[in-house]
Structures are given as structure tokens and as C-alpha cells.
>>> print(open('upload-v3.pdb').read())   # PDB, C-alpha atoms, pLDDT in the B column
ATOM      1  CA  MET A 145      16.865  72.921  62.741  1.00 74.00           C
ATOM      2  CA  ALA A 146      19.396  74.942  64.745  1.00 85.00           C
ATOM      3  CA  PRO A 147      21.281  73.157  67.517  1.00 87.00           C
ATOM      4  CA  VAL A 148      20.396  73.661  71.152  1.00 88.00           C
ATOM      5  CA  ILE A 149      23.168  75.771  72.643  1.00 89.00           C
ATOM      6  CA  VAL A 150      24.032  75.499  76.323  1.00 87.00           C
ATOM      7  CA  GLU A 151      26.591  77.632  78.101  1.00 84.00           C
ATOM      8  CA  THR A 152      28.355  75.018  80.216  1.00 83.00           C
ATOM      9  CA  PRO A 153      28.436  71.242  80.623  1.00 85.00           C
ATOM     10  CA  ASP A 154      26.676  71.677  83.980  1.00 84.00           C
ATOM     11  CA  SER A 155      23.746  73.330  82.193  1.00 88.00           C
ATOM     12  CA  LEU A 156      23.196  70.088  80.266  1.00 91.00           C
ATOM     13  CA  LYS A 157      21.546  68.714  83.408  1.00 92.00           C
ATOM     14  CA  GLN A 158      18.256  70.440  82.513  1.00 92.00           C
ATOM     15  CA  PHE A 159      17.921  68.007  79.575  1.00 94.00           C
ATOM     16  CA  VAL A 160      18.398  64.728  81.461  1.00 96.00           C
ATOM     17  CA  GLY A 161      15.643  62.327  80.443  1.00 96.00           C
ATOM     18  CA  LYS A 162      14.522  64.535  77.546  1.00 96.00           C
ATOM     19  CA  GLU A 163      14.871  64.421  73.792  1.00 96.00           C
ATOM     20  CA  ILE A 164      17.127  67.339  72.932  1.00 96.00           C
ATOM     21  CA  GLY A 165      16.430  67.348  69.234  1.00 96.00           C
ATOM     22  CA  VAL A 166      16.641  65.807  65.802  1.00 97.00           C
ATOM     23  CA  SER A 167      19.489  66.390  63.358  1.00 97.00           C
ATOM     24  CA  GLU A 168      19.259  67.456  59.742  1.00 96.00           C
ATOM     25  CA  TRP A 169      18.870  64.737  57.106  1.00 97.00           C
ATOM     26  CA  LEU A 170      22.089  63.480  55.493  1.00 98.00           C
ATOM     27  CA  THR A 171      22.167  61.537  52.217  1.00 98.00           C
ATOM     28  CA  VAL A 172      24.414  58.483  52.370  1.00 98.00           C
ATOM     29  CA  THR A 173      25.852  58.393  48.867  1.00 98.00           C
ATOM     30  CA  GLN A 174      27.529  55.464  47.148  1.00 98.00           C
ATOM     31  CA  GLU A 175      30.650  57.638  46.978  1.00 98.00           C
ATOM     32  CA  ARG A 176      30.698  58.025  50.785  1.00 98.00           C
ATOM     33  CA  ILE A 177      30.224  54.266  51.189  1.00 98.00           C
ATOM     34  CA  ALA A 178      33.112  53.588  48.790  1.00 98.00           C
ATOM     35  CA  GLN A 179      35.367  56.073  50.631  1.00 98.00           C
ATOM     36  CA  PHE A 180      34.564  54.377  53.932  1.00 98.00           C
ATOM     37  CA  ALA A 181      35.301  50.971  52.382  1.00 98.00           C
ATOM     38  CA  GLU A 182      38.729  52.215  51.313  1.00 97.00           C
ATOM     39  CA  ALA A 183      39.492  53.852  54.655  1.00 97.00           C
ATOM     40  CA  THR A 184      38.582  50.707  56.607  1.00 97.00           C
ATOM     41  CA  GLU A 185      39.612  48.130  53.993  1.00 96.00           C
ATOM     42  CA  ASP A 186      36.147  46.593  54.268  1.00 96.00           C
ATOM     43  CA  ARG A 187      35.379  46.116  50.587  1.00 96.00           C
ATOM     44  CA  GLN A 188      32.637  43.498  50.850  1.00 96.00           C
ATOM     45  CA  TRP A 189      30.491  43.351  47.687  1.00 97.00           C
ATOM     46  CA  ILE A 190      27.299  44.246  49.545  1.00 97.00           C
ATOM     47  CA  HIS A 191      28.762  47.746  49.982  1.00 97.00           C
ATOM     48  CA  LEU A 192      30.434  48.254  46.592  1.00 97.00           C
ATOM     49  CA  ASP A 193      29.028  46.074  43.799  1.00 97.00           C
ATOM     50  CA  ARG A 194      25.704  47.604  42.759  1.00 96.00           C
ATOM     51  CA  GLU A 195      24.928  45.014  40.090  1.00 97.00           C
ATOM     52  CA  ARG A 196      25.593  42.040  42.335  1.00 97.00           C
ATOM     53  CA  ALA A 197      23.714  43.673  45.224  1.00 97.00           C
ATOM     54  CA  ALA A 198      20.734  44.228  42.914  1.00 96.00           C
ATOM     55  CA  ARG A 199      20.801  40.532  41.962  1.00 96.00           C
ATOM     56  CA  GLU A 200      21.790  38.776  45.186  1.00 97.00           C
ATOM     57  CA  SER A 201      21.162  41.038  48.156  1.00 96.00           C
ATOM     58  CA  PRO A 202      17.858  40.991  50.024  1.00 95.00           C
ATOM     59  CA  PHE A 203      18.143  44.813  50.098  1.00 94.00           C
ATOM     60  CA  GLY A 204      18.118  45.216  46.301  1.00 95.00           C
ATOM     61  CA  THR A 205      21.042  47.648  46.311  1.00 96.00           C
ATOM     62  CA  THR A 206      24.311  48.358  48.066  1.00 98.00           C
ATOM     63  CA  ILE A 207      24.165  49.296  51.739  1.00 97.00           C
ATOM     64  CA  ALA A 208      26.331  51.389  54.037  1.00 98.00           C
ATOM     65  CA  HIS A 209      28.614  49.750  56.556  1.00 98.00           C
ATOM     66  CA  GLY A 210      27.076  49.716  60.021  1.00 97.00           C
ATOM     67  CA  PHE A 211      30.242  51.363  61.297  1.00 97.00           C
ATOM     68  CA  LEU A 212      29.844  54.168  58.738  1.00 98.00           C
ATOM     69  CA  THR A 213      26.411  54.900  60.158  1.00 98.00           C
ATOM     70  CA  LEU A 214      27.821  54.706  63.678  1.00 97.00           C
ATOM     71  CA  SER A 215      30.692  57.060  62.830  1.00 96.00           C
ATOM     72  CA  LEU A 216      28.216  59.733  61.741  1.00 97.00           C
ATOM     73  CA  ILE A 217      26.806  60.008  65.271  1.00 96.00           C
ATOM     74  CA  SER A 218      29.379  62.682  66.185  1.00 94.00           C
ATOM     75  CA  ARG A 219      28.282  64.776  63.218  1.00 95.00           C
ATOM     76  CA  PHE A 220      24.610  64.370  64.101  1.00 97.00           C
ATOM     77  CA  MET A 221      25.235  65.278  67.736  1.00 94.00           C
ATOM     78  CA  LYS A 222      26.893  68.523  66.633  1.00 92.00           C
ATOM     79  CA  ASP A 223      23.699  69.294  64.656  1.00 94.00           C
ATOM     80  CA  VAL A 224      21.616  68.808  67.808  1.00 95.00           C
ATOM     81  CA  ILE A 225      23.564  70.245  70.764  1.00 92.00           C
ATOM     82  CA  GLN A 226      26.593  72.443  71.382  1.00 88.00           C
ATOM     83  CA  VAL A 227      28.260  73.473  74.634  1.00 86.00           C
ATOM     84  CA  GLN A 228      29.552  77.043  74.242  1.00 81.00           C
ATOM     85  CA  SER A 229      31.920  77.769  77.110  1.00 70.00           C
ATOM     86  CA  ALA A 230      33.842  76.285  80.012  1.00 66.00           C
ATOM     87  CA  VAL A 231      34.971  73.447  77.723  1.00 69.00           C
ATOM     88  CA  GLY A 232      38.616  73.043  76.750  1.00 76.00           C
ATOM     89  CA  MET A 233      37.704  70.042  74.613  1.00 86.00           C
ATOM     90  CA  ALA A 234      34.980  67.474  74.118  1.00 87.00           C
ATOM     91  CA  ILE A 235      35.898  63.897  73.315  1.00 91.00           C
ATOM     92  CA  ASN A 236      34.036  60.783  72.275  1.00 93.00           C
ATOM     93  CA  TYR A 237      34.635  58.617  75.346  1.00 95.00           C
ATOM     94  CA  GLY A 238      32.910  55.523  73.989  1.00 96.00           C
ATOM     95  CA  LEU A 239      29.702  53.733  73.187  1.00 96.00           C
ATOM     96  CA  ASN A 240      27.314  51.343  74.909  1.00 94.00           C
ATOM     97  CA  ARG A 241      24.615  49.070  73.534  1.00 93.00           C
ATOM     98  CA  VAL A 242      25.185  49.566  69.798  1.00 97.00           C
ATOM     99  CA  ARG A 243      22.771  47.837  67.408  1.00 98.00           C
ATOM    100  CA  PHE A 244      21.991  48.042  63.674  1.00 98.00           C
ATOM    101  CA  PRO A 245      18.304  47.006  63.382  1.00 97.00           C
ATOM    102  CA  SER A 246      17.950  47.850  59.673  1.00 97.00           C
ATOM    103  CA  PRO A 247      20.244  48.627  56.700  1.00 97.00           C
ATOM    104  CA  VAL A 248      21.070  52.020  55.227  1.00 97.00           C
ATOM    105  CA  ARG A 249      20.606  51.700  51.475  1.00 97.00           C
ATOM    106  CA  ALA A 250      22.895  53.718  49.207  1.00 97.00           C
ATOM    107  CA  GLY A 251      21.231  57.024  48.354  1.00 97.00           C
ATOM    108  CA  SER A 252      18.964  57.059  51.396  1.00 97.00           C
ATOM    109  CA  LYS A 253      18.683  59.889  53.900  1.00 98.00           C
ATOM    110  CA  ILE A 254      19.404  59.407  57.596  1.00 98.00           C
ATOM    111  CA  ARG A 255      19.112  61.596  60.688  1.00 98.00           C
ATOM    112  CA  ALA A 256      19.447  61.156  64.437  1.00 98.00           C
ATOM    113  CA  ARG A 257      17.240  61.716  67.480  1.00 98.00           C
ATOM    114  CA  VAL A 258      19.276  62.600  70.551  1.00 97.00           C
ATOM    115  CA  THR A 259      18.153  62.194  74.165  1.00 97.00           C
ATOM    116  CA  LEU A 260      20.312  62.983  77.188  1.00 97.00           C
ATOM    117  CA  LEU A 261      20.376  60.038  79.585  1.00 97.00           C
ATOM    118  CA  SER A 262      22.701  61.371  82.279  1.00 97.00           C
ATOM    119  CA  VAL A 263      25.371  63.912  83.217  1.00 96.00           C
ATOM    120  CA  LYS A 264      27.873  63.326  85.975  1.00 95.00           C
ATOM    121  CA  GLU A 265      30.931  65.110  87.239  1.00 92.00           C
ATOM    122  CA  VAL A 266      34.189  63.189  87.077  1.00 90.00           C
ATOM    123  CA  PRO A 267      37.414  64.859  88.282  1.00 90.00           C
ATOM    124  CA  GLY A 268      38.331  67.470  85.657  1.00 86.00           C
ATOM    125  CA  THR A 269      35.388  66.706  83.387  1.00 91.00           C
ATOM    126  CA  TYR A 270      31.679  66.220  82.907  1.00 92.00           C
ATOM    127  CA  GLU A 271      30.569  62.916  81.397  1.00 95.00           C
ATOM    128  CA  ALA A 272      27.309  62.891  79.452  1.00 95.00           C
ATOM    129  CA  ALA A 273      25.519  59.801  78.164  1.00 97.00           C
ATOM    130  CA  PHE A 274      23.254  60.300  75.152  1.00 97.00           C
ATOM    131  CA  SER A 275      20.793  57.908  73.556  1.00 98.00           C
ATOM    132  CA  VAL A 276      21.123  58.283  69.789  1.00 98.00           C
ATOM    133  CA  THR A 277      18.639  56.727  67.393  1.00 98.00           C
ATOM    134  CA  VAL A 278      19.569  56.991  63.722  1.00 98.00           C
ATOM    135  CA  GLU A 279      16.558  56.844  61.422  1.00 98.00           C
ATOM    136  CA  SER A 280      16.412  56.177  57.694  1.00 97.00           C
ATOM    137  CA  GLU A 281      13.795  58.148  55.780  1.00 95.00           C
ATOM    138  CA  GLY A 282      10.785  55.971  54.998  1.00 92.00           C
ATOM    139  CA  SER A 283      11.841  53.088  57.265  1.00 93.00           C
ATOM    140  CA  GLU A 284       9.839  52.043  60.298  1.00 94.00           C
ATOM    141  CA  LYS A 285      12.876  50.592  62.084  1.00 96.00           C
ATOM    142  CA  PRO A 286      15.900  52.639  63.108  1.00 98.00           C
ATOM    143  CA  CYS A 287      19.142  51.818  61.317  1.00 97.00           C
ATOM    144  CA  CYS A 288      21.365  52.377  64.363  1.00 98.00           C
ATOM    145  CA  VAL A 289      20.730  52.707  68.070  1.00 98.00           C
ATOM    146  CA  ALA A 290      23.588  53.550  70.417  1.00 98.00           C
ATOM    147  CA  GLU A 291      24.446  55.113  73.725  1.00 98.00           C
ATOM    148  CA  SER A 292      27.158  57.704  73.112  1.00 97.00           C
ATOM    149  CA  ILE A 293      29.374  58.876  75.973  1.00 97.00           C
ATOM    150  CA  VAL A 294      30.944  62.330  75.650  1.00 95.00           C
ATOM    151  CA  ARG A 295      33.422  63.888  78.065  1.00 93.00           C
ATOM    152  CA  TYR A 296      33.611  67.667  78.339  1.00 90.00           C
ATOM    153  CA  TYR A 297      36.942  68.799  79.799  1.00 88.00           C
ATOM    154  CA  HIS A 298      37.328  72.224  81.388  1.00 79.00           C
TER
END
>>> encode(input="upload-v3.pdb", output="C-alpha cells")
Amino acid sequence: MAPVIVETPDSLKQFVGKEIGVSEWLTVTQERIAQFAEATEDRQWIHLDRERAARESPFGTTIAHGFLTLSLISRFMKDVIQVQSAVGMAINYGLNRVRFPSPVRAGSKIRARVTLLSVKEVPGTYEAAFSVTVESEGSEKPCCVAESIVRYYH
């Protein structure tokens, strides 16, 4: 699915209260999980030891770090919406209400649903709040739910 393209941050306002779109599926490989473990120095066995996870974990396999799933939100948002002009830069300003209701098993596919909650003007910038729900293919529960705040500077 192609991203929704808007000309300016102000034109985001037409999407307030609406689902903008759904990202492409992304496979969360064991290699990606291992790279994240190294980058963050979070090498807990539930993420890296397939044999032990198969024996001892309630998930039957290794799982991605919640923060790995969370960090992919920026990538998913780029799949869903892009602001074309009148933006010098866009930054991740922060997150609200982050939860991880279900695990992301190694090898599973995830994607995100993005809804615009609000847009407000702040001196020198527009601040947009998005509701992002990350889904895992075949799972009834989302694997991550967060409110992502993006600032678009002119």
C-alpha cells in the first residue's frame, strides 16, 4: 500500500480522528532480534536461545524485545504517511501510553495501523499525535499499542 502523501503539516488536520492507513508487513527475523540484543546489551535468553525458549518459554520460541517492536513504529509511520513540503525536519518527540499486550515471536510478520489523534501548532512547529497499533499476523491481540508524537519543523 502506498503512503498517504500530504503537502504540509497543516493539511494533516483533515485526518484527525481517522485511520490514515496500514503499513506493509515486516518479518521480524531472529537475526534482527539478535542485532537489537547486541545494540541494547539486552541478551536475555528469551530473545536469543531458541532451544531453551522452545523448552521453557510459554511462547515456544524466542521473542522480540518489546522495545524492538516499539522502535519500528517510525518505519511503519513512514509506510503510512509522508508530509511533502514546508517541513525542514520531522522528529520523534516522544511516546505516550505504550503497552505490549502480546509477544512478537521470531519469524512472525508485524504491521501497524495508524490513526491521527490531533494536530496542533506550537511556535515554529506542528505537533501531531498518532495512535499506532502494531499487529502480529494471526494474533487476535496487538503486540504493541502506543501514542507517537511527531513534530514537524518548518
>>> residues_around(input="upload-v3.pdb", residues="stretch 207-222 of chain A", least_positions_apart="3", cutoff="7 Å", atoms="only C-alpha atoms", output="PyMOL selection string")
chain A and resi 167+177+180+190-191+225-226+244+247-250+256+288
>>> axis_aligned_box(input="upload-v3.pdb", around="stretch 189-192 of chain A", padding_each_side="4 Å", output="lines of an AutoDock Vina configuration file")
center_x = 28.9
center_y = 45.8
center_z = 48.3
size_x = 11.2
size_y = 12.9
size_z = 11.4
>>> closest_atom_pairs(input="upload-v3.pdb", of="stretch 183-259 of chain A", to="stretch 151-159 of chain A", cutoff="12 Å", atoms="all atoms listed in the file", output="JSON lines")
{"residue": "A:Ile225", "atom": "CA", "partner": "A:Leu156", "partner_atom": "CA", "distance": 9.5}
{"residue": "A:Gln226", "atom": "CA", "partner": "A:Glu151", "partner_atom": "CA", "distance": 8.5}
{"residue": "A:Val227", "atom": "CA", "partner": "A:Glu151", "partner_atom": "CA", "distance": 5.7}
{"residue": "A:Gln228", "atom": "CA", "partner": "A:Glu151", "partner_atom": "CA", "distance": 4.9}
{"residue": "A:Ser229", "atom": "CA", "partner": "A:Glu151", "partner_atom": "CA", "distance": 5.4}
{"residue": "A:Ala230", "atom": "CA", "partner": "A:Thr152", "partner_atom": "CA", "distance": 5.6}
{"residue": "A:Val231", "atom": "CA", "partner": "A:Thr152", "partner_atom": "CA", "distance": 7.2}
{"residue": "A:Gly232", "atom": "CA", "partner": "A:Thr152", "partner_atom": "CA", "distance": 11.0}
{"residue": "A:Met233", "atom": "CA", "partner": "A:Pro153", "partner_atom": "CA", "distance": 11.1}
{"residue": "A:Ala234", "atom": "CA", "partner": "A:Pro153", "partner_atom": "CA", "distance": 10.0}
{"residue": "A:Val258", "atom": "CA", "partner": "A:Phe159", "partner_atom": "CA", "distance": 10.6}
{"residue": "A:Thr259", "atom": "CA", "partner": "A:Phe159", "partner_atom": "CA", "distance": 7.9}
>>> atom_distance(input="upload-v3.pdb", atom1="atom CA of A:Thr184", atom2="atom CA of A:Tyr237")
20.7 Å
>>> closest_residue(input="upload-v3.pdb", among="A:Glu271, A:Glu265, A:Glu182, A:Glu279", to="A:Ser252", atoms="only C-alpha atoms")
A:Glu279
>>> atom_distance(input="upload-v3.pdb", atom1="atom CA of A:Ala178", atom2="atom CA of A:Pro147")
29.6 Å
>>> atom_distance(input="upload-v3.pdb", atom1="atom CA of A:Ser262", atom2="atom CA of A:Val276")
13.0 Å
>>> resolve_selection(input="upload-v3.pdb", expression="the PyMOL selection byres ((chain A and resi 283) around 10)", output="NGL selection string")
:A and (246-248 or 254 or 279-282 or 284-287)
>>> residues_around(input="upload-v3.pdb", residues="A:Glu291", least_positions_apart="3", cutoff="9 Å", atoms="all atoms listed in the file", output="ChimeraX atom specification")
/A:238-242,261,273-277
